[in-house]
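The structure file final-v4.cif is reproduced below (mmCIF, C-alpha atoms, pLDDT in the B column; chains and numbers go by the auth columns).
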data_model
loop_
_atom_site.group_PDB
_atom_site.id
_atom_site.type_symbol
_atom_site.label_atom_id
_atom_site.label_comp_id
_atom_site.label_asym_id
_atom_site.label_seq_id
_atom_site.Cartn_x
_atom_site.Cartn_y
_atom_site.Cartn_z
_atom_site.B_iso_or_equiv
_atom_site.auth_seq_id
_atom_site.auth_asym_id
ATOM 1 C CA MET A 1 -136.670 14.647 86.180 82.00 1 A
ATOM 2 C CA ASN A 2 -134.192 12.602 84.174 91.00 2 A
ATOM 3 C CA LYS A 3 -130.806 13.887 83.018 94.00 3 A
ATOM 4 C CA THR A 4 -131.871 14.291 79.385 95.00 4 A
ATOM 5 C CA LYS A 5 -134.802 16.534 80.380 96.00 5 A
ATOM 6 C CA ILE A 6 -132.550 18.598 82.646 95.00 6 A
ATOM 7 C CA LYS A 7 -129.967 19.031 79.886 96.00 7 A
ATOM 8 C CA PHE A 8 -132.663 20.029 77.389 97.00 8 A
ATOM 9 C CA ARG A 9 -134.302 22.428 79.851 96.00 9 A
ATOM 10 C CA ASP A 10 -130.984 24.181 80.449 97.00 10 A
ATOM 11 C CA LEU A 11 -130.231 24.796 76.748 97.00 11 A
ATOM 12 C CA LYS A 12 -130.695 28.199 75.141 97.00 12 A
ATOM 13 C CA VAL A 13 -133.779 28.605 72.930 97.00 13 A
ATOM 14 C CA HIS A 14 -131.781 28.482 69.681 96.00 14 A
ATOM 15 C CA GLU A 15 -130.084 25.250 70.817 97.00 15 A
ATOM 16 C CA LYS A 16 -133.453 23.693 71.677 98.00 16 A
ATOM 17 C CA PHE A 17 -134.770 24.717 68.253 97.00 17 A
ATOM 18 C CA LYS A 18 -131.830 23.045 66.476 97.00 18 A
ATOM 19 C CA LEU A 19 -132.478 19.808 68.364 97.00 19 A
ATOM 20 C CA ILE A 20 -136.214 19.884 67.678 98.00 20 A
ATOM 21 C CA LYS A 21 -135.570 20.574 64.008 97.00 21 A
ATOM 22 C CA SER A 22 -133.147 17.661 63.667 98.00 22 A
ATOM 23 C CA LYS A 23 -134.487 15.090 66.167 97.00 23 A
ATOM 24 C CA GLY A 24 -138.019 16.136 67.103 97.00 24 A
ATOM 25 C CA LEU A 25 -141.274 14.627 65.916 96.00 25 A
ATOM 26 C CA TYR A 26 -144.173 17.028 65.321 95.00 26 A
ATOM 27 C CA VAL A 27 -147.243 15.887 67.268 93.00 27 A
ATOM 28 C CA GLY A 28 -149.799 18.701 67.093 92.00 28 A
ATOM 29 C CA SER A 29 -150.527 22.374 67.628 93.00 29 A
ATOM 30 C CA ARG A 30 -152.932 24.834 69.187 93.00 30 A
ATOM 31 C CA ILE A 31 -153.536 28.584 69.245 93.00 31 A
ATOM 32 C CA TYR A 32 -153.538 30.505 72.531 92.00 32 A
ATOM 33 C CA ASN A 33 -153.988 34.309 72.677 90.00 33 A
ATOM 34 C CA GLY A 34 -152.552 34.867 69.206 87.00 34 A
ATOM 35 C CA THR A 35 -149.641 32.532 69.834 95.00 35 A
ATOM 36 C CA LYS A 36 -149.223 29.280 67.907 96.00 36 A
ATOM 37 C CA ILE A 37 -147.967 26.507 70.152 97.00 37 A
ATOM 38 C CA LEU A 38 -146.401 23.503 68.443 96.00 38 A
ATOM 39 C CA LEU A 39 -146.059 20.219 70.303 96.00 39 A
ATOM 40 C CA PHE A 40 -143.073 17.958 69.624 97.00 40 A
ATOM 41 C CA SER A 41 -141.844 14.675 71.008 96.00 41 A
ATOM 42 C CA ILE A 42 -138.085 14.405 71.467 97.00 42 A
ATOM 43 C CA PHE A 43 -135.937 11.942 73.435 96.00 43 A
ATOM 44 C CA GLY A 44 -139.074 10.382 74.979 95.00 44 A
ATOM 45 C CA PHE A 45 -140.677 13.550 76.336 96.00 45 A
ATOM 46 C CA PHE A 46 -142.813 16.421 75.051 96.00 46 A
ATOM 47 C CA VAL A 47 -141.867 20.042 74.426 98.00 47 A
ATOM 48 C CA GLU A 48 -143.856 23.044 73.261 98.00 48 A
ATOM 49 C CA LEU A 49 -142.535 25.687 70.901 98.00 49 A
ATOM 50 C CA TRP A 50 -144.359 29.020 71.372 98.00 50 A
ATOM 51 C CA LEU A 51 -144.448 31.089 68.177 97.00 51 A
ATOM 52 C CA ASP A 52 -145.686 34.690 67.954 95.00 52 A
ATOM 53 C CA LEU A 53 -147.662 34.713 64.705 91.00 53 A
ATOM 54 C CA ASN A 54 -147.529 38.511 64.325 91.00 54 A
ATOM 55 C CA LEU A 55 -143.752 38.726 64.716 93.00 55 A
ATOM 56 C CA ASN A 56 -143.005 35.255 63.308 91.00 56 A
ATOM 57 C CA LYS A 57 -140.665 34.814 66.271 96.00 57 A
ATOM 58 C CA ILE A 58 -140.074 31.964 68.714 96.00 58 A
ATOM 59 C CA LEU A 59 -141.048 33.162 72.189 97.00 59 A
ATOM 60 C CA ASN A 60 -140.091 30.073 74.150 97.00 60 A
ATOM 61 C CA ILE A 61 -139.452 26.346 73.990 98.00 61 A
ATOM 62 C CA GLY A 62 -140.202 24.386 77.122 97.00 62 A
ATOM 63 C CA LEU A 63 -140.948 20.987 78.587 98.00 63 A
ATOM 64 C CA ILE A 64 -144.543 19.917 79.113 96.00 64 A
ATOM 65 C CA THR A 65 -145.729 16.967 81.180 95.00 65 A
ATOM 66 C CA ASP A 66 -147.540 13.984 79.716 91.00 66 A
ATOM 67 C CA GLU A 67 -150.543 14.801 81.906 92.00 67 A
ATOM 68 C CA ILE A 68 -150.845 18.322 80.476 93.00 68 A
ATOM 69 C CA VAL A 69 -150.446 16.960 76.950 92.00 69 A
ATOM 70 C CA GLU A 70 -153.360 14.607 77.581 88.00 70 A
ATOM 71 C CA LEU A 71 -155.539 17.435 78.916 90.00 71 A
ATOM 72 C CA ILE A 72 -154.758 20.053 76.270 90.00 72 A
ATOM 73 C CA TYR A 73 -154.040 18.073 73.118 87.00 73 A
ATOM 74 C CA VAL A 74 -156.350 15.057 73.428 80.00 74 A
ATOM 75 C CA ASP A 75 -158.665 16.335 70.661 79.00 75 A
ATOM 76 C CA LYS A 76 -155.856 17.760 68.514 70.00 76 A
ATOM 77 C CA ILE A 77 -153.633 14.709 68.061 67.00 77 A
ATOM 78 C CA ALA A 78 -154.193 12.102 65.364 61.00 78 A
ATOM 79 C CA LEU A 79 -152.783 8.803 66.552 54.00 79 A
ATOM 80 C CA LYS A 80 -151.451 6.315 64.006 53.00 80 A
ATOM 81 C CA MET A 81 -152.255 2.734 64.861 41.00 81 A
#

Take the structure in the file and give it back as structure tokens.
Amino acid sequence: MNKTKIKFRDLKVHEKFKLIKSKGLYVGSRIYNGTKILLFSIFGFFVELWLDLNLNKILNIGLITDEIVELIYVDKIALKM
């Protein structure tokens, strides 16, 4: 894991949110058990923001591997060519 990923991983949720809001690129989303999960690209890697739709509250923001992105989001991402 590169230093940027480690630094991001170790931030508090509100710090991760600020970075995603200012530097992140929205890629796609999905719903899982009543939770909306937003996928962002930031600093060359992917992160998911887990949002409780009932509480309108961020539950977590975490790293996700490229391989998992391909498996889960392949039919949910519109690529611009």

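Distances to A:Leu63 were evaluated for A:Tyr32, A:Phe8, A:Phe17, A:Tyr26 using only C-alpha atoms, and the minimum falls at A:Phe8.
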
Please, what distance in Å, to one decimal, runs between atom CA of A:Thr65 and atom CA of A:Phe45?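 So the answer is 7.8 Å.
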
So how far away is atom CA of A:Lys3 from atom CA of A:Ser22, in Å?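 Computing it gives 19.9 Å between the two atoms.
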
I want to know what sits within 6 Å of A:Gly24, based on all atoms listed in the file, with residues of the same chain fewer than 2 positions away left out; could you give that as an mmCIF file with C-alpha atoms, keeping the file's coordinate frame?
data_model
loop_
_atom_site.group_PDB
_atom_site.id
_atom_site.type_symbol
_atom_site.label_atom_id
_atom_site.label_comp_id
_atom_site.auth_asym_id
_atom_site.auth_seq_id
_atom_site.Cartn_x
_atom_site.Cartn_y
_atom_site.Cartn_z
ATOM 1 C CA ILE A 20 -136.214 19.884 67.678
ATOM 2 C CA LYS A 21 -135.570 20.574 64.008
ATOM 3 C CA PHE A 40 -143.073 17.958 69.624
ATOM 4 C CA SER A 41 -141.844 14.675 71.008
ATOM 5 C CA ILE A 42 -138.085 14.405 71.467
#

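If you measure from each of A:Lys7, A:Glu67, A:Lys16, A:Lys76 to A:Glu48 using only C-alpha atoms, the closest one turns out to be A:Lys16.
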
Of the candidates A:Arg30, A:Lys18, A:Lys5, A:Lys12, which one gets nearest to A:Val69 if we count all atoms listed in the file?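 Among the listed residues, the smallest separation from A:Val69 belongs to A:Arg30.
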
What would the selection look like, as a list in words, if the PyMOL selection byres ((chain A and resi 33) around 12) were run on the coordinates I just shared?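 When the PyMOL selection byres ((chain A and resi 33) around 12) is applied, the selected residues are Arg30, Ile31, Tyr32, Gly34, Thr35, Lys36, Ile37, Trp50, Leu51, Asp52, Leu53 and Asn54 of chain A.
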
Choose the residue, out of A:Tyr73, A:Glu15, A:Asn2, A:Leu25, that has the smallest atom-to-atom separation from A:Asn60; count only C-alpha atoms. A:Glu15

Nearest to A:Leu38 by atom-to-atom distance, counting only C-alpha atoms, from A:Ile68, A:Asn56, A:His14, A:Ile61: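 Closest candidate: A:Ile61.
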